[in-house]
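J.: Got work_16.txt for you, compact mmCIF, C-alpha atoms:
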```txt
# COMPACT_ATOMS: atom_id res chain seq x y z
CA MET A 1 83.94 -27.91 71.35
CA ARG A 2 85.31 -27.26 67.86
CA ALA A 3 87.12 -24.14 69.02
CA GLU A 4 88.91 -26.12 71.73
CA LEU A 5 89.86 -28.82 69.20
CA LEU A 6 91.28 -26.19 66.85
CA LYS A 7 93.25 -24.56 69.67
CA ALA A 8 94.66 -27.90 70.79
CA THR A 9 95.61 -28.81 67.23
CA LEU A 10 97.35 -25.48 66.59
CA LYS A 11 99.26 -25.79 69.86
CA SER A 12 100.38 -29.33 69.00
CA LEU A 13 101.56 -28.29 65.52
CA TYR A 14 103.39 -25.14 66.66
CA PRO A 15 106.57 -26.88 67.91
CA ILE A 16 107.17 -28.36 64.45
CA GLN A 17 106.13 -25.13 62.68
CA ARG A 18 103.62 -27.03 60.56
CA THR A 19 101.77 -24.75 58.12
CA VAL A 20 98.04 -24.80 58.76
CA ALA A 21 95.16 -23.57 56.61
CA ILE A 22 91.87 -23.11 58.48
CA GLU A 23 88.60 -22.94 56.57
CA GLY A 24 85.22 -22.17 58.02
CA PRO A 25 82.16 -19.96 57.95
CA PRO A 26 82.50 -16.17 58.16
CA GLY A 27 82.44 -14.95 61.73
CA GLY A 28 83.24 -18.40 63.08
CA GLY A 29 86.21 -17.20 65.15
CA LYS A 30 89.07 -18.58 63.05
CA THR A 31 91.28 -15.50 63.38
CA SER A 32 90.42 -14.95 67.05
CA ILE A 33 91.35 -18.52 67.90
CA VAL A 34 94.79 -18.13 66.30
CA HIS A 35 95.38 -14.96 68.34
CA GLU A 36 94.24 -16.76 71.51
CA VAL A 37 96.68 -19.61 70.84
CA ALA A 38 99.57 -17.16 70.37
CA GLU A 39 98.66 -15.40 73.59
CA GLU A 40 98.43 -18.68 75.51
CA LEU A 41 101.81 -19.79 74.11
CA GLY A 42 103.32 -16.39 74.97
CA ILE A 43 104.43 -15.69 71.41
CA PRO A 44 103.73 -12.84 69.00
CA CYS A 45 101.18 -13.12 66.21
CA ILE A 46 101.70 -11.04 63.08
CA GLU A 47 98.41 -10.78 61.18
CA LYS A 48 98.10 -9.74 57.55
CA HIS A 49 94.62 -9.30 56.04
CA MET A 50 95.05 -10.62 52.50
CA PRO A 51 92.11 -8.87 50.75
CA THR A 52 93.60 -5.45 51.57
CA MET A 53 97.19 -6.27 50.63
CA LEU A 54 99.01 -5.53 47.41
CA VAL A 55 101.90 -7.46 45.91
CA GLU A 56 104.11 -4.50 46.89
CA ASP A 57 103.23 -5.14 50.55
CA PHE A 58 105.38 -8.27 50.28
CA GLY A 59 108.47 -6.37 49.21
CA THR A 60 109.65 -4.02 46.50
CA PRO A 61 112.67 -4.14 44.19
CA ASP A 62 115.67 -2.54 45.87
CA MET A 63 117.16 -0.23 43.28
CA LEU A 64 119.25 1.82 45.70
CA THR A 65 121.58 -0.78 47.17
CA PRO A 66 124.63 -1.22 44.96
CA GLY A 67 125.57 -4.73 44.01
CA GLU A 68 125.66 -7.22 41.23
CA SER A 69 122.51 -9.13 42.06
CA PHE A 70 118.87 -8.14 42.11
CA ARG A 71 117.31 -7.80 45.56
CA TYR A 72 114.06 -6.96 47.24
CA LYS A 73 113.46 -4.65 50.16
CA LEU A 74 111.56 -6.87 52.54
CA PRO A 75 108.49 -5.58 54.34
CA ASP A 76 109.02 -4.53 57.95
CA TRP A 77 106.51 -7.11 59.18
CA PHE A 78 108.29 -10.20 57.77
CA PRO A 79 110.06 -12.20 60.55
CA TYR A 80 113.20 -13.25 58.69
CA GLN A 81 116.08 -15.31 60.05
CA GLY A 82 118.38 -13.05 62.06
CA LYS A 83 115.94 -10.16 62.44
CA GLU A 84 115.95 -8.70 65.93
CA GLY A 85 112.88 -9.71 67.93
CA THR A 86 112.15 -12.90 65.99
CA GLU A 87 114.37 -15.27 67.99
CA ASN A 88 111.60 -16.71 70.16
CA GLY A 89 109.26 -17.63 67.32
CA GLY A 90 105.66 -16.71 66.70
CA ILE A 91 102.75 -17.14 64.34
CA LEU A 92 102.56 -15.46 60.95
CA LEU A 93 98.83 -15.29 60.19
CA PHE A 94 97.41 -14.62 56.74
CA ASP A 95 93.72 -13.85 57.22
CA ASP A 96 91.12 -14.41 54.48
CA ARG A 97 93.75 -15.89 52.19
CA ASN A 98 91.26 -17.08 49.60
CA GLN A 99 89.93 -13.55 49.06
CA ALA A 100 93.36 -12.54 47.72
CA GLY A 101 94.04 -12.50 44.00
CA PRO A 102 96.16 -15.09 42.19
CA ASP A 103 99.29 -12.90 42.33
CA LEU A 104 99.17 -12.79 46.14
CA GLN A 105 98.26 -16.48 46.30
CA LYS A 106 101.59 -17.24 44.58
CA VAL A 107 103.57 -15.17 47.07
CA LEU A 108 101.70 -16.79 49.96
CA ALA A 109 102.31 -20.26 48.52
CA ASN A 110 106.05 -19.59 48.51
CA ILE A 111 106.01 -18.43 52.14
CA CYS A 112 103.98 -21.49 53.17
CA GLN A 113 105.93 -24.09 51.19
CA ALA A 114 109.51 -22.83 50.94
CA ARG A 115 109.28 -20.71 54.11
CA THR A 116 110.96 -17.87 52.21
CA LEU A 117 110.02 -14.46 50.86
CA HIS A 118 112.11 -13.39 47.86
CA GLY A 119 114.73 -15.94 48.84
CA VAL A 120 114.97 -14.75 52.46
CA ARG A 121 114.25 -17.46 55.00
CA LEU A 122 111.47 -17.19 57.58
CA ALA A 123 112.96 -17.14 61.09
CA ASP A 124 113.17 -20.42 62.95
CA GLY A 125 110.33 -21.00 65.38
CA TRP A 126 107.68 -19.30 63.25
CA GLN A 127 104.53 -21.10 62.17
CA VAL A 128 102.51 -19.96 59.15
CA VAL A 129 98.72 -20.10 59.57
CA SER A 130 96.15 -18.94 57.06
CA THR A 131 92.40 -18.60 57.37
CA GLY A 132 89.71 -18.58 54.74
CA ASN A 133 85.99 -18.83 54.22
CA ARG A 134 84.35 -21.75 52.47
CA GLN A 135 83.23 -21.54 48.85
CA SER A 136 79.87 -22.90 49.99
CA ASP A 137 79.22 -19.72 51.99
CA GLY A 138 78.66 -17.78 48.77
CA TYR A 139 81.77 -15.61 48.85
CA GLN A 140 83.68 -14.67 45.71
CA LEU A 141 86.82 -16.63 46.56
CA THR A 142 90.05 -17.61 44.89
CA PRO A 143 90.28 -21.33 45.67
CA LEU A 144 93.38 -22.54 47.45
CA ALA A 145 95.41 -24.29 44.79
CA ILE A 146 95.29 -28.07 45.05
CA HIS A 147 99.04 -28.30 45.59
CA GLN A 148 98.67 -25.91 48.52
CA ARG A 149 95.82 -27.96 49.98
CA ASP A 150 97.99 -31.08 49.76
CA GLU A 151 100.99 -29.36 51.39
CA HIS A 152 99.14 -27.91 54.38
CA ARG A 153 97.00 -29.37 57.03
CA VAL A 154 93.60 -27.96 56.11
CA MET A 155 91.07 -27.81 58.91
CA SER A 156 87.61 -27.33 57.45
CA GLU A 157 84.37 -26.09 58.86
CA LEU A 158 85.72 -25.24 62.26
CA GLY A 159 83.98 -22.43 64.04
CA ARG A 160 83.01 -21.39 67.49
CA CYS A 161 80.37 -23.82 68.68
```
Rewrite the structure of this file - the entire thing - as structure tokens.
T.:
Amino acid sequence: MRAELLKATLKSLYPIQRTVAIEGPPGGGKTSIVHEVAEELGIPCIEKHMPTMLVEDFGTPDMLTPGESFRYKLPDWFPYQGKEGTENGGILLFDDRNQAGPDLQKVLANICQARTLHGVRLADGWQVVSTGNRQSDGYQLTPLAIHQRDEHRVMSELGRC
């Protein structure tokens, strides 16, 4: 029942690209449900597992391109505006977001709120979804900042039932 409610909610929020944060118990199917929704909508899902990522995975300073301004080399996985293959939209999924350190939380907050990475805009038609476990499940977690909780629709305690 809860899984179907989550799927229906994600599908209804996709057309407006509403950022969604899903919280629930470990092994509850949060990530699988997001992939199922993408498949049912016929769109790609790019998944990034936050606990294994480094800040550098979100881009590195570009020292080789001549110019007067500082730039970043964007990661290959980021679906930016104008990038080939991103025209039809998709879901950008950040899994286990609250197991990432504060430095990555800041980068993720910028993607979720401003829909940019280092000033480069996320492609139109892309929805940002993040998953995380609950503090009550005994995991060592970095809490989602209160301003992030207020900005995103947070769906709590949803699992496969």
J.: For His118 (chain A), please output as an NGL selection string all residues within 8 Å (counting only C-alpha atoms; exclusion window: fewer than 2 positions along the same chain).
T.: :A and (71-72 or 116 or 120)
J.: Under the rule that only C-alpha atoms are counted, which of A:Leu13, A:Leu41, A:Ala123, A:Ile46 is the nearest residue to Ile91 (chain A)?
T.: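 Using only C-alpha atoms, Ile91 (chain A) sits closest to A:Ile46.
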J.: If we count only C-alpha atoms and set the cut-off at 9 Å, which residues sit around Ser130 (chain A), ignoring sequence neighbours fewer than 3 positions away in its own chain? Please answer as a PyMOL selection string.
T.: chain A and resi 19-23+31+92-97
J.: Have a look at A:Phe58, A:Gly28, A:Leu10, A:Pro15 and name the one nearest to Lys106 (chain A); count all atoms listed in the file.
T.: A:Phe58
J.: Take CA of Pro25 (chain A) and CA of Gly42 (chain A) and report the distance between them in Å, one decimal.
T.: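 So the two atoms, CA of Pro25 (chain A) and CA of Gly42 (chain A), lie 27.4 Å apart.
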J.: Given the point (116.6, -14.8, 59.3) in the coordinates of this file, which residues lie within 7 Å, counting only C-alpha atoms, and how would they look as a count of residues only?
T.: 7
J.: Enter the distance from CA of Gly119 (chain A) to CA of Gly89 (chain A), in Å, rounded to one decimal.
T.: 19.3 Å
J.: What is the CA of Gly90 (chain A)-CA of Ile43 (chain A) distance in Å, reported with one decimal?
T.: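 We find that CA of Gly90 (chain A) and CA of Ile43 (chain A) lie 5.0 Å from each other.
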J.: Taking into account all atoms listed in the file, which residue in the set A:Val128, A:Ala3, A:Leu74, A:Cys45 is nearest to Asp57 (chain A)?
T.: A:Leu74
J.: Complete the atoms of region 102-113 of chain A to all heavy atoms and put them out as a PDB file, in the frame of the given file.
T.:
```pdb
ATOM      1  N   PRO A 102      95.181 -14.055  42.528  1.00  0.00           N
ATOM      2  CA  PRO A 102      96.160 -15.090  42.190  1.00  0.00           C
ATOM      3  C   PRO A 102      97.611 -14.652  42.382  1.00  0.00           C
ATOM      4  O   PRO A 102      98.450 -15.465  42.762  1.00  0.00           O
ATOM      5  CB  PRO A 102      95.880 -15.375  40.709  1.00  0.00           C
ATOM      6  CG  PRO A 102      94.498 -14.898  40.463  1.00  0.00           C
ATOM      7  CD  PRO A 102      94.257 -13.775  41.432  1.00  0.00           C
ATOM      8  N   ASP A 103      97.916 -13.365  42.159  1.00  0.00           N
ATOM      9  CA  ASP A 103      99.290 -12.900  42.330  1.00  0.00           C
ATOM     10  C   ASP A 103      99.731 -13.027  43.795  1.00  0.00           C
ATOM     11  O   ASP A 103     100.837 -13.477  44.098  1.00  0.00           O
ATOM     12  CB  ASP A 103      99.467 -11.477  41.834  1.00  0.00           C
ATOM     13  CG  ASP A 103      98.419 -10.507  42.388  1.00  0.00           C
ATOM     14  OD1 ASP A 103      97.434 -10.966  42.999  1.00  0.00           O
ATOM     15  OD2 ASP A 103      98.592  -9.290  42.193  1.00  0.00           O
ATOM     16  N   LEU A 104      98.848 -12.659  44.719  1.00  0.00           N
ATOM     17  CA  LEU A 104      99.170 -12.790  46.140  1.00  0.00           C
ATOM     18  C   LEU A 104      99.157 -14.247  46.590  1.00  0.00           C
ATOM     19  O   LEU A 104      99.920 -14.640  47.475  1.00  0.00           O
ATOM     20  CB  LEU A 104      98.206 -11.972  46.991  1.00  0.00           C
ATOM     21  CG  LEU A 104      98.387 -10.459  46.921  1.00  0.00           C
ATOM     22  CD1 LEU A 104      97.330  -9.761  47.747  1.00  0.00           C
ATOM     23  CD2 LEU A 104      99.762 -10.057  47.373  1.00  0.00           C
ATOM     24  N   GLN A 105      98.294 -15.044  45.977  1.00  0.00           N
ATOM     25  CA  GLN A 105      98.260 -16.480  46.300  1.00  0.00           C
ATOM     26  C   GLN A 105      99.626 -17.116  46.013  1.00  0.00           C
ATOM     27  O   GLN A 105     100.083 -17.972  46.759  1.00  0.00           O
ATOM     28  CB  GLN A 105      97.173 -17.189  45.489  1.00  0.00           C
ATOM     29  CG  GLN A 105      95.769 -16.793  45.868  1.00  0.00           C
ATOM     30  CD  GLN A 105      95.202 -17.635  46.987  1.00  0.00           C
ATOM     31  OE1 GLN A 105      95.816 -18.584  47.457  1.00  0.00           O
ATOM     32  NE2 GLN A 105      94.010 -17.301  47.411  1.00  0.00           N
ATOM     33  N   LYS A 106     100.269 -16.691  44.927  1.00  0.00           N
ATOM     34  CA  LYS A 106     101.590 -17.240  44.580  1.00  0.00           C
ATOM     35  C   LYS A 106     102.637 -16.868  45.615  1.00  0.00           C
ATOM     36  O   LYS A 106     103.449 -17.695  46.006  1.00  0.00           O
ATOM     37  CB  LYS A 106     102.012 -16.755  43.194  1.00  0.00           C
ATOM     38  CG  LYS A 106     101.183 -17.333  42.077  1.00  0.00           C
ATOM     39  CD  LYS A 106     101.575 -16.735  40.750  1.00  0.00           C
ATOM     40  CE  LYS A 106     100.654 -17.206  39.648  1.00  0.00           C
ATOM     41  NZ  LYS A 106     100.947 -16.552  38.364  1.00  0.00           N
ATOM     42  N   VAL A 107     102.610 -15.608  46.041  1.00  0.00           N
ATOM     43  CA  VAL A 107     103.570 -15.170  47.070  1.00  0.00           C
ATOM     44  C   VAL A 107     103.319 -15.946  48.362  1.00  0.00           C
ATOM     45  O   VAL A 107     104.260 -16.435  49.002  1.00  0.00           O
ATOM     46  CB  VAL A 107     103.451 -13.645  47.313  1.00  0.00           C
ATOM     47  CG1 VAL A 107     104.351 -13.210  48.468  1.00  0.00           C
ATOM     48  CG2 VAL A 107     103.787 -12.876  46.049  1.00  0.00           C
ATOM     49  N   LEU A 108     102.056 -16.066  48.740  1.00  0.00           N
ATOM     50  CA  LEU A 108     101.700 -16.790  49.960  1.00  0.00           C
ATOM     51  C   LEU A 108     102.113 -18.257  49.864  1.00  0.00           C
ATOM     52  O   LEU A 108     102.621 -18.832  50.831  1.00  0.00           O
ATOM     53  CB  LEU A 108     100.212 -16.664  50.236  1.00  0.00           C
ATOM     54  CG  LEU A 108      99.683 -17.360  51.484  1.00  0.00           C
ATOM     55  CD1 LEU A 108     100.429 -16.908  52.730  1.00  0.00           C
ATOM     56  CD2 LEU A 108      98.198 -17.123  51.636  1.00  0.00           C
ATOM     57  N   ALA A 109     101.918 -18.865  48.700  1.00  0.00           N
ATOM     58  CA  ALA A 109     102.310 -20.260  48.520  1.00  0.00           C
ATOM     59  C   ALA A 109     103.809 -20.444  48.763  1.00  0.00           C
ATOM     60  O   ALA A 109     104.234 -21.413  49.388  1.00  0.00           O
ATOM     61  CB  ALA A 109     101.940 -20.744  47.124  1.00  0.00           C
ATOM     62  N   ASN A 110     104.603 -19.496  48.313  1.00  0.00           N
ATOM     63  CA  ASN A 110     106.050 -19.590  48.510  1.00  0.00           C
ATOM     64  C   ASN A 110     106.415 -19.469  49.992  1.00  0.00           C
ATOM     65  O   ASN A 110     107.277 -20.195  50.488  1.00  0.00           O
ATOM     66  CB  ASN A 110     106.764 -18.518  47.688  1.00  0.00           C
ATOM     67  CG  ASN A 110     108.226 -18.830  47.526  1.00  0.00           C
ATOM     68  OD1 ASN A 110     108.572 -19.902  47.048  1.00  0.00           O
ATOM     69  ND2 ASN A 110     109.065 -17.913  47.929  1.00  0.00           N
ATOM     70  N   ILE A 111     105.740 -18.566  50.696  1.00  0.00           N
ATOM     71  CA  ILE A 111     106.010 -18.430  52.140  1.00  0.00           C
ATOM     72  C   ILE A 111     105.616 -19.714  52.858  1.00  0.00           C
ATOM     73  O   ILE A 111     106.346 -20.205  53.724  1.00  0.00           O
ATOM     74  CB  ILE A 111     105.251 -17.213  52.717  1.00  0.00           C
ATOM     75  CG1 ILE A 111     105.811 -15.917  52.141  1.00  0.00           C
ATOM     76  CG2 ILE A 111     105.347 -17.203  54.244  1.00  0.00           C
ATOM     77  CD1 ILE A 111     105.010 -14.681  52.497  1.00  0.00           C
ATOM     78  N   CYS A 112     104.473 -20.283  52.497  1.00  0.00           N
ATOM     79  CA  CYS A 112     103.980 -21.490  53.170  1.00  0.00           C
ATOM     80  C   CYS A 112     104.834 -22.717  52.851  1.00  0.00           C
ATOM     81  O   CYS A 112     105.108 -23.528  53.731  1.00  0.00           O
ATOM     82  CB  CYS A 112     102.536 -21.766  52.766  1.00  0.00           C
ATOM     83  SG  CYS A 112     101.360 -20.557  53.394  1.00  0.00           S
ATOM     84  N   GLN A 113     105.240 -22.865  51.601  1.00  0.00           N
ATOM     85  CA  GLN A 113     105.930 -24.090  51.190  1.00  0.00           C
ATOM     86  C   GLN A 113     107.442 -24.006  51.378  1.00  0.00           C
ATOM     87  O   GLN A 113     108.040 -24.892  51.961  1.00  0.00           O
ATOM     88  CB  GLN A 113     105.592 -24.402  49.737  1.00  0.00           C
ATOM     89  CG  GLN A 113     104.138 -24.748  49.569  1.00  0.00           C
ATOM     90  CD  GLN A 113     103.724 -24.821  48.111  1.00  0.00           C
ATOM     91  OE1 GLN A 113     104.486 -24.544  47.208  1.00  0.00           O
ATOM     92  NE2 GLN A 113     102.483 -25.209  47.885  1.00  0.00           N
TER      93      GLN A 113
END
```
